[in-house]
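A.B. asks: Pasting entry14.cif here (mmCIF, C-alpha atoms and all ligand atoms):
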data_data
loop_
_atom_site.label_atom_id
_atom_site.label_comp_id
_atom_site.auth_asym_id
_atom_site.auth_seq_id
_atom_site.Cartn_x
_atom_site.Cartn_y
_atom_site.Cartn_z
CA MET A 1 -6.32 12.41 1.90
CA ARG A 2 -9.05 11.28 -0.49
CA LEU A 3 -12.42 12.27 0.82
CA ILE A 4 -16.04 12.23 -0.30
CA LEU A 5 -18.47 14.71 1.25
CA LEU A 6 -21.96 13.23 1.16
CA GLY A 7 -25.10 14.97 2.31
CA ALA A 8 -28.15 16.74 0.98
CA PRO A 9 -27.86 19.92 -1.10
CA GLY A 10 -27.46 22.77 1.35
CA ALA A 11 -25.99 20.59 4.12
CA GLY A 12 -22.86 22.76 4.07
CA LYS A 13 -20.52 20.45 2.14
CA GLY A 14 -19.14 23.18 -0.11
CA THR A 15 -18.42 25.55 2.75
CA GLN A 16 -16.64 22.88 4.77
CA ALA A 17 -14.72 21.72 1.70
CA GLU A 18 -13.11 25.15 1.43
CA THR A 19 -11.45 24.74 4.86
CA LEU A 20 -10.50 21.09 4.30
CA MET A 21 -8.80 22.03 1.04
CA ALA A 22 -6.55 24.48 2.87
CA LEU A 23 -5.94 22.03 5.74
CA PHE A 24 -4.80 19.16 3.52
CA ASP A 25 -3.56 21.25 0.58
CA ILE A 26 -5.68 19.29 -1.88
CA PRO A 27 -8.23 20.40 -4.49
CA THR A 28 -11.99 20.15 -4.18
CA ILE A 29 -13.79 18.67 -7.14
CA SER A 30 -17.31 20.05 -7.08
CA THR A 31 -19.26 18.76 -10.07
CA GLY A 32 -21.94 21.41 -9.40
CA ASN A 33 -19.32 24.20 -9.61
CA ILE A 34 -17.81 22.73 -12.77
CA PHE A 35 -21.26 22.60 -14.39
CA ARG A 36 -22.01 26.18 -13.33
CA GLU A 37 -18.73 27.33 -14.91
CA HIS A 38 -19.69 25.60 -18.15
CA ILE A 39 -23.11 27.25 -18.07
CA ALA A 40 -21.55 30.67 -17.44
CA ASP A 41 -19.13 30.12 -20.36
CA ASN A 42 -22.01 28.83 -22.52
CA THR A 43 -20.03 25.73 -23.57
CA GLN A 44 -21.65 22.75 -25.29
CA LEU A 45 -21.66 20.85 -22.00
CA GLY A 46 -23.14 23.89 -20.25
CA GLN A 47 -26.00 24.00 -22.73
CA ARG A 48 -26.65 20.26 -22.28
CA VAL A 49 -26.81 20.37 -18.48
CA LYS A 50 -28.57 23.70 -17.83
CA THR A 51 -32.17 22.41 -18.01
CA TYR A 52 -31.45 19.54 -15.62
CA ILE A 53 -29.77 21.84 -13.11
CA ASP A 54 -32.34 24.62 -13.25
CA SER A 55 -35.15 22.13 -12.63
CA GLY A 56 -33.37 20.43 -9.72
CA ALA A 57 -32.91 17.11 -11.57
CA LEU A 58 -29.65 15.19 -11.78
CA VAL A 59 -27.47 15.43 -14.86
CA PRO A 60 -27.27 11.99 -16.57
CA ASP A 61 -24.62 9.71 -15.06
CA GLU A 62 -22.55 9.30 -18.22
CA LEU A 63 -21.94 13.06 -18.55
CA VAL A 64 -20.86 13.42 -14.91
CA ILE A 65 -18.70 10.30 -14.91
CA GLU A 66 -16.73 11.40 -17.99
CA LEU A 67 -16.17 14.82 -16.47
CA VAL A 68 -14.83 13.41 -13.19
CA LYS A 69 -12.69 10.83 -14.96
CA ASP A 70 -10.82 13.60 -16.79
CA ARG A 71 -10.54 15.76 -13.70
CA LEU A 72 -9.09 12.99 -11.51
CA LYS A 73 -6.21 12.47 -13.94
CA LYS A 74 -4.89 16.01 -13.40
CA ASP A 75 -1.62 16.35 -11.47
CA ASP A 76 -3.12 18.29 -8.57
CA CYS A 77 -5.03 15.15 -7.46
CA HIS A 78 -1.83 13.23 -6.70
CA ASN A 79 -1.91 14.08 -3.00
CA GLY A 80 -5.62 13.54 -2.75
CA MET A 81 -8.85 15.41 -3.33
CA ILE A 82 -12.21 16.25 -1.84
CA LEU A 83 -15.23 15.17 -3.86
CA ASP A 84 -18.17 17.48 -3.22
CA GLY A 85 -21.43 16.54 -4.95
CA PHE A 86 -20.02 13.44 -6.62
CA PRO A 87 -20.96 10.60 -6.55
CA ARG A 88 -24.72 11.18 -6.35
CA THR A 89 -26.03 7.82 -7.59
CA ILE A 90 -25.00 4.18 -7.13
CA PRO A 91 -23.82 3.88 -10.77
CA GLN A 92 -21.62 6.97 -10.22
CA ALA A 93 -20.17 5.44 -7.03
CA GLU A 94 -19.45 2.17 -8.82
CA ALA A 95 -17.80 4.04 -11.71
CA LEU A 96 -15.74 6.05 -9.22
CA ASP A 97 -14.47 2.88 -7.53
CA ILE A 98 -13.29 1.58 -10.91
CA MET A 99 -11.62 4.91 -11.83
CA LEU A 100 -9.81 5.17 -8.50
CA ASP A 101 -8.81 1.53 -8.62
CA ASP A 102 -7.21 2.11 -12.02
CA LEU A 103 -5.36 5.15 -10.65
CA ASN A 104 -4.45 3.27 -7.44
CA MET A 105 -6.02 6.04 -5.36
CA PRO A 106 -8.68 4.51 -3.08
CA ILE A 107 -11.05 6.73 -1.09
CA ASP A 108 -10.00 7.10 2.57
CA TYR A 109 -13.14 8.56 4.14
CA VAL A 110 -16.75 9.34 3.29
CA ILE A 111 -18.31 11.96 5.53
CA ASP A 112 -22.09 12.18 5.57
CA VAL A 113 -23.05 15.70 6.68
CA ASP A 114 -26.48 15.23 8.18
CA VAL A 115 -29.09 18.04 8.23
CA ALA A 116 -32.90 17.72 8.37
CA ASP A 117 -34.88 18.81 5.29
CA GLU A 118 -36.77 21.67 7.02
CA ILE A 119 -33.50 23.22 8.17
CA ILE A 120 -32.09 22.93 4.65
CA ILE A 121 -35.10 24.67 3.08
CA ASP A 122 -34.69 27.46 5.60
CA ARG A 123 -30.94 27.72 4.99
CA MET A 124 -31.08 27.78 1.20
CA SER A 125 -33.17 30.92 1.12
CA GLY A 126 -30.29 32.83 2.75
CA ARG A 127 -27.54 31.41 0.59
CA THR A 128 -25.55 33.33 -2.00
CA VAL A 129 -22.59 32.26 -4.13
CA CYS A 130 -19.76 33.91 -5.99
CA PRO A 131 -20.26 33.27 -9.73
CA ASN A 132 -16.50 33.62 -10.23
CA CYS A 133 -14.85 31.35 -7.62
CA GLY A 134 -17.84 29.35 -6.33
CA ALA A 135 -17.39 30.41 -2.67
CA SER A 136 -20.69 30.34 -0.81
CA TYR A 137 -22.04 32.66 1.86
CA HIS A 138 -25.10 32.84 4.08
CA LYS A 139 -26.88 35.82 5.55
CA LEU A 140 -26.91 34.17 9.01
CA TYR A 141 -24.19 31.54 9.10
CA LYS A 142 -21.38 32.84 6.92
CA VAL A 143 -21.67 36.55 6.25
CA GLU A 144 -19.39 38.19 3.68
CA LYS A 145 -17.17 41.06 4.85
CA LEU A 146 -18.51 43.64 2.37
CA PRO A 147 -22.27 43.25 1.80
CA GLY A 148 -23.02 41.42 -1.46
CA LYS A 149 -19.35 40.96 -2.45
CA CYS A 150 -17.12 37.90 -2.44
CA ASP A 151 -14.37 38.05 0.22
CA LYS A 152 -11.91 36.41 -2.14
CA CYS A 153 -12.43 37.98 -5.55
CA ASP A 154 -14.71 40.97 -4.89
CA ASP A 155 -17.29 39.76 -7.46
CA LEU A 156 -20.98 40.45 -6.83
CA LEU A 157 -22.67 37.52 -5.06
CA ILE A 158 -25.78 35.97 -6.61
CA GLN A 159 -28.54 33.58 -5.51
CA ARG A 160 -28.46 30.35 -7.52
CA GLU A 161 -31.53 29.76 -9.68
CA ASP A 162 -31.85 26.28 -8.21
CA ASP A 163 -31.89 27.62 -4.64
CA THR A 164 -35.54 28.72 -4.79
CA ALA A 165 -37.88 26.91 -2.35
CA ASP A 166 -39.68 24.74 -4.95
CA THR A 167 -36.50 23.63 -6.64
CA VAL A 168 -34.86 22.94 -3.30
CA ARG A 169 -37.77 20.62 -2.41
CA LYS A 170 -37.31 18.82 -5.73
CA ARG A 171 -33.54 18.54 -5.11
CA LEU A 172 -34.20 17.07 -1.66
CA GLU A 173 -36.57 14.47 -3.16
CA VAL A 174 -33.89 13.57 -5.69
CA TYR A 175 -31.34 13.38 -2.88
CA HIS A 176 -33.45 10.98 -0.79
CA SER A 177 -34.30 8.70 -3.69
CA GLN A 178 -31.01 8.64 -5.61
CA THR A 179 -28.14 9.80 -3.38
CA GLU A 180 -29.08 8.57 0.11
CA PRO A 181 -28.56 4.92 -0.91
CA LEU A 182 -24.84 5.78 -1.08
CA ILE A 183 -24.79 5.86 2.72
CA GLY A 184 -25.35 2.09 2.78
CA PHE A 185 -22.92 1.62 -0.12
CA TYR A 186 -20.04 3.29 1.74
CA ARG A 187 -21.03 1.87 5.13
CA ALA A 188 -20.58 -1.57 3.60
CA GLN A 189 -17.06 -0.48 2.54
CA GLY A 190 -16.30 0.57 6.15
CA LYS A 191 -15.51 4.15 5.07
CA LEU A 192 -18.53 6.05 6.32
CA ALA A 193 -18.68 8.58 9.18
CA HIS A 194 -21.81 10.57 10.06
CA VAL A 195 -21.39 14.15 11.15
CA ASP A 196 -24.16 16.31 12.57
CA GLY A 197 -24.30 19.27 10.15
CA VAL A 198 -26.42 21.48 12.41
CA GLY A 199 -24.48 24.13 14.30
CA THR A 200 -22.05 26.92 13.59
CA PHE A 201 -19.49 26.57 10.83
CA ASP A 202 -16.72 26.02 13.41
CA GLU A 203 -18.72 23.38 15.30
CA VAL A 204 -19.34 21.37 12.12
CA ARG A 205 -15.72 21.82 11.03
CA ALA A 206 -14.54 20.45 14.40
CA ARG A 207 -16.84 17.42 14.08
CA ILE A 208 -15.49 16.67 10.61
CA ALA A 209 -11.89 17.06 11.80
CA LYS A 210 -12.63 14.64 14.64
CA ALA A 211 -14.17 12.10 12.26
CA LEU A 212 -11.06 12.37 10.08
CA GLY A 213 -8.81 11.91 13.14
CA VAL A 214 -7.03 15.25 12.60
CA ILE A 215 -7.78 16.73 16.04
P1 LIG B 301 -24.56 21.12 -6.39
O1 LIG B 301 -23.91 22.45 -6.52
O2 LIG B 301 -23.59 20.05 -5.99
O3 LIG B 301 -25.79 21.14 -5.50
O4 LIG B 301 -25.07 20.70 -7.85
C1 LIG B 301 -26.00 21.50 -8.55
C2 LIG B 301 -26.68 20.68 -9.61
O5 LIG B 301 -25.72 20.16 -10.54
C3 LIG B 301 -27.42 19.44 -9.10
O6 LIG B 301 -28.72 19.74 -8.60
C4 LIG B 301 -27.46 18.58 -10.36
O7 LIG B 301 -28.43 19.06 -11.28
C5 LIG B 301 -26.09 18.86 -10.98
N1 LIG B 301 -25.09 17.91 -10.46
C6 LIG B 301 -23.98 18.20 -9.72
N2 LIG B 301 -23.29 17.09 -9.43
C7 LIG B 301 -23.97 16.06 -9.99
C8 LIG B 301 -23.78 14.66 -10.02
N3 LIG B 301 -22.74 14.07 -9.39
N4 LIG B 301 -24.69 13.91 -10.70
C9 LIG B 301 -25.73 14.47 -11.34
N5 LIG B 301 -25.98 15.78 -11.33
C10 LIG B 301 -25.12 16.59 -10.67
#
Go through the file and emit its structure as structure tokens.
C.D. replies:
Amino acid sequence: MRLILLGAPGAGKGTQAETLMALFDIPTISTGNIFREHIADNTQLGQRVKTYIDSGALVPDELVIELVKDRLKKDDCHNGMILDGFPRTIPQAEALDIMLDDLNMPIDYVIDVDVADEIIIDRMSGRTVCPNCGASYHKLYKVEKLPGKCDKCDDLLIQREDDTADTVRKRLEVYHSQTEPLIGFYRAQGKLAHVDGVGTFDEVRARIAKALGVI
């Protein structure tokens, strides 16, 4: 299964990707998580991308494309992968098509997780993430077992700097202008399914499973 999760920041793509990974036994490639790891490790790439990310802007296409190109060549992608947060622009989508063509690994499905902006702004304020494994939680929708601690690795959960209300608004603007055009791009390829992203975690998971034909 090779799957792209499209949708605005905060639409719940990352949370749903965690279940889909287990279901299909395939990795999730989250460019946002990879960048955050680089920032935490203070690598050269981390230093280059930090200002873009903190301000809610997109990292330049060429940096993201190179990163994904290397990641897709790893052995664990042989059975498929979930792309979460990539592609985010038309040039990225075009580059991805070329990469996957070369690897003979075409995308099977593109799921657009649809949530209105006001709901997203509301949701983001309650979101926390694990700085170690990238798992995300929410004070209303996905509560951790021990307050403030990651269920998987026990690390202290944090709020992302780019999850503040102003930056979220900026990220939504960027989403509508640069990423939303991908809906038409993948519709034209006959790969797109829309899923209503409003509801409980299990409701949204069931809708995605239905769109993928696995229930
Ligand atoms: P995310 O965790 O997917 O919301 O990504 C967090 C931030 O990382 C975004 O707001 C961008 O600054 C950057 N980023 C992640 N993926 C991409 C991408 N495919 N293209 C450009 N910037 C990205």
A.B. asks: Sorted by chain and rising residue number, list the residues of chain A at most 7 Å from ligand LIG 301 (chain B) (counting all atoms listed in the file), each with its closest atom pair and distance in Å to one decimal, as a Markdown table.
C.D. replies:
| residue | atom | partner | partner_atom | distance |
| --- | --- | --- | --- | --- |
| A:Pro9 | CA | B:LIG301 | O3 | 5.0 |
| A:Ser30 | CA | B:LIG301 | O2 | 6.4 |
| A:Thr31 | CA | B:LIG301 | N2 | 4.4 |
| A:Gly32 | CA | B:LIG301 | O4 | 3.6 |
| A:Asn33 | CA | B:LIG301 | O1 | 5.8 |
| A:Phe35 | CA | B:LIG301 | O5 | 6.4 |
| A:Tyr52 | CA | B:LIG301 | O7 | 5.3 |
| A:Ile53 | CA | B:LIG301 | O7 | 3.6 |
| A:Gly56 | CA | B:LIG301 | O6 | 4.8 |
| A:Ala57 | CA | B:LIG301 | O7 | 4.9 |
| A:Leu58 | CA | B:LIG301 | N5 | 3.7 |
| A:Val59 | CA | B:LIG301 | N5 | 3.8 |
| A:Pro60 | CA | B:LIG301 | C9 | 6.0 |
| A:Asp61 | CA | B:LIG301 | N4 | 6.1 |
| A:Val64 | CA | B:LIG301 | N4 | 5.7 |
| A:Asp84 | CA | B:LIG301 | O2 | 6.6 |
| A:Gly85 | CA | B:LIG301 | O2 | 4.3 |
| A:Phe86 | CA | B:LIG301 | N3 | 3.9 |
| A:Pro87 | CA | B:LIG301 | N3 | 4.8 |
| A:Arg88 | CA | B:LIG301 | N3 | 4.6 |
| A:Thr89 | CA | B:LIG301 | N4 | 7.0 |
| A:Arg171 | CA | B:LIG301 | O6 | 6.1 |
A.B. asks: Tell me, in Å to one decimal, how far CA of His78 in chain A is from CA of Met105 in chain A.
C.D. replies: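 Here the two named atoms are 8.4 Å from each other.
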A.B. asks: Which distance in Å separates CA of Val198 in chain A and CA of Cys130 in chain A, to one decimal?
C.D. replies: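 Taking CA of Val198 in chain A and CA of Cys130 in chain A, their separation equals 23.2 Å.
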A.B. asks: Smallest atom-to-atom distance to Val129 in chain A: which of A:Leu45, A:Ala40, A:Ile158, A:Ala17, using all atoms listed in the file?
C.D. replies: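 Checking each candidate against Val129 in chain A, we get A:Ile158 as the closest.
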A.B. asks: Find the residue from A:Arg207, A:Arg187, A:Arg48, A:His176 that sits nearest to Ala8 in chain A; use all atoms listed in the file when measuring.
C.D. replies: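 Going through A:Arg207, A:Arg187, A:Arg48, A:His176 one by one, the smallest distance to Ala8 in chain A is for A:His176.
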A.B. asks: From the set A:Asp122, A:Pro131, A:Ile4, A:Pro106, which residue has the shortest atom-to-atom contact distance to His38 in chain A, counting all atoms listed in the file?
C.D. replies: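 The closest residue to His38 in chain A is A:Pro131.
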A.B. asks: Of the candidates A:Leu72, A:Leu212, A:Ile121, A:Leu157, which shows the shortest atom-to-atom distance to Leu100 in chain A, using all atoms listed in the file?
C.D. replies: A:Leu72
A.B. asks: Could you work out how far CA of Ile34 in chain A lies from CA of Val168 in chain A, giving the answer in Å with one decimal?
C.D. replies: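 Atom-to-atom, CA of Val168 in chain A to CA of Ile34 in chain A, that is 19.5 Å.
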A.B. asks: Regenerate range 163-186 of chain A at the level of N, CA and C atoms and dump it as an mmCIF file, keeping the file's coordinate frame.
C.D. replies:
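Generated output (result16.cif):
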data_model
loop_
_atom_site.group_PDB
_atom_site.id
_atom_site.type_symbol
_atom_site.label_atom_id
_atom_site.label_comp_id
_atom_site.auth_asym_id
_atom_site.auth_seq_id
_atom_site.Cartn_x
_atom_site.Cartn_y
_atom_site.Cartn_z
ATOM 1 N N ASP A 163 -31.733 27.489 -6.092
ATOM 2 C CA ASP A 163 -31.890 27.620 -4.640
ATOM 3 C C ASP A 163 -33.262 28.174 -4.245
ATOM 4 N N THR A 164 -34.201 28.254 -5.162
ATOM 5 C CA THR A 164 -35.540 28.720 -4.790
ATOM 6 C C THR A 164 -36.276 27.573 -4.076
ATOM 7 N N ALA A 165 -37.264 27.916 -3.233
ATOM 8 C CA ALA A 165 -37.880 26.910 -2.350
ATOM 9 C C ALA A 165 -38.411 25.678 -3.095
ATOM 10 N N ASP A 166 -39.105 25.886 -4.226
ATOM 11 C CA ASP A 166 -39.680 24.740 -4.950
ATOM 12 C C ASP A 166 -38.592 23.829 -5.495
ATOM 13 N N THR A 167 -37.567 24.452 -6.068
ATOM 14 C CA THR A 167 -36.500 23.630 -6.640
ATOM 15 C C THR A 167 -35.719 22.932 -5.545
ATOM 16 N N VAL A 168 -35.563 23.585 -4.412
ATOM 17 C CA VAL A 168 -34.860 22.940 -3.300
ATOM 18 C C VAL A 168 -35.625 21.695 -2.853
ATOM 19 N N ARG A 169 -36.967 21.803 -2.793
ATOM 20 C CA ARG A 169 -37.770 20.620 -2.410
ATOM 21 C C ARG A 169 -37.546 19.489 -3.399
ATOM 22 N N LYS A 170 -37.534 19.827 -4.679
ATOM 23 C CA LYS A 170 -37.310 18.820 -5.730
ATOM 24 C C LYS A 170 -35.904 18.203 -5.540
ATOM 25 N N ARG A 171 -34.910 19.053 -5.268
ATOM 26 C CA ARG A 171 -33.540 18.540 -5.110
ATOM 27 C C ARG A 171 -33.443 17.621 -3.893
ATOM 28 N N LEU A 172 -34.225 17.934 -2.855
ATOM 29 C CA LEU A 172 -34.200 17.070 -1.660
ATOM 30 C C LEU A 172 -34.837 15.713 -1.967
ATOM 31 N N GLU A 173 -35.933 15.743 -2.758
ATOM 32 C CA GLU A 173 -36.570 14.470 -3.160
ATOM 33 C C GLU A 173 -35.575 13.609 -3.930
ATOM 34 N N VAL A 174 -34.887 14.281 -4.876
ATOM 35 C CA VAL A 174 -33.890 13.570 -5.690
ATOM 36 C C VAL A 174 -32.786 13.019 -4.783
ATOM 37 N N TYR A 175 -32.384 13.829 -3.804
ATOM 38 C CA TYR A 175 -31.340 13.380 -2.880
ATOM 39 C C TYR A 175 -31.782 12.108 -2.145
ATOM 40 N N HIS A 176 -33.010 12.139 -1.596
ATOM 41 C CA HIS A 176 -33.450 10.980 -0.790
ATOM 42 C C HIS A 176 -33.589 9.725 -1.667
ATOM 43 N N SER A 177 -34.086 9.910 -2.894
ATOM 44 C CA SER A 177 -34.300 8.700 -3.690
ATOM 45 C C SER A 177 -33.017 8.191 -4.345
ATOM 46 N N GLN A 178 -32.153 9.096 -4.805
ATOM 47 C CA GLN A 178 -31.010 8.640 -5.610
ATOM 48 C C GLN A 178 -29.660 8.692 -4.903
ATOM 49 N N THR A 179 -29.484 9.640 -3.983
ATOM 50 C CA THR A 179 -28.140 9.800 -3.380
ATOM 51 C C THR A 179 -28.048 9.112 -2.013
ATOM 52 N N GLU A 180 -29.134 9.153 -1.240
ATOM 53 C CA GLU A 180 -29.080 8.570 0.110
ATOM 54 C C GLU A 180 -28.647 7.094 0.113
ATOM 55 N N PRO A 181 -29.031 6.319 -0.911
ATOM 56 C CA PRO A 181 -28.560 4.920 -0.910
ATOM 57 C C PRO A 181 -27.032 4.778 -0.843
ATOM 58 N N LEU A 182 -26.310 5.855 -1.141
ATOM 59 C CA LEU A 182 -24.840 5.780 -1.080
ATOM 60 C C LEU A 182 -24.345 5.618 0.353
ATOM 61 N N ILE A 183 -25.184 6.011 1.314
ATOM 62 C CA ILE A 183 -24.790 5.860 2.720
ATOM 63 C C ILE A 183 -24.552 4.380 3.014
ATOM 64 N N GLY A 184 -25.501 3.541 2.579
ATOM 65 C CA GLY A 184 -25.350 2.090 2.780
ATOM 66 C C GLY A 184 -24.174 1.538 1.982
ATOM 67 N N PHE A 185 -24.001 2.073 0.775
ATOM 68 C CA PHE A 185 -22.920 1.620 -0.120
ATOM 69 C C PHE A 185 -21.559 1.815 0.563
ATOM 70 N N TYR A 186 -21.348 3.009 1.130
ATOM 71 C CA TYR A 186 -20.040 3.290 1.740
ATOM 72 C C TYR A 186 -19.932 2.718 3.157
#
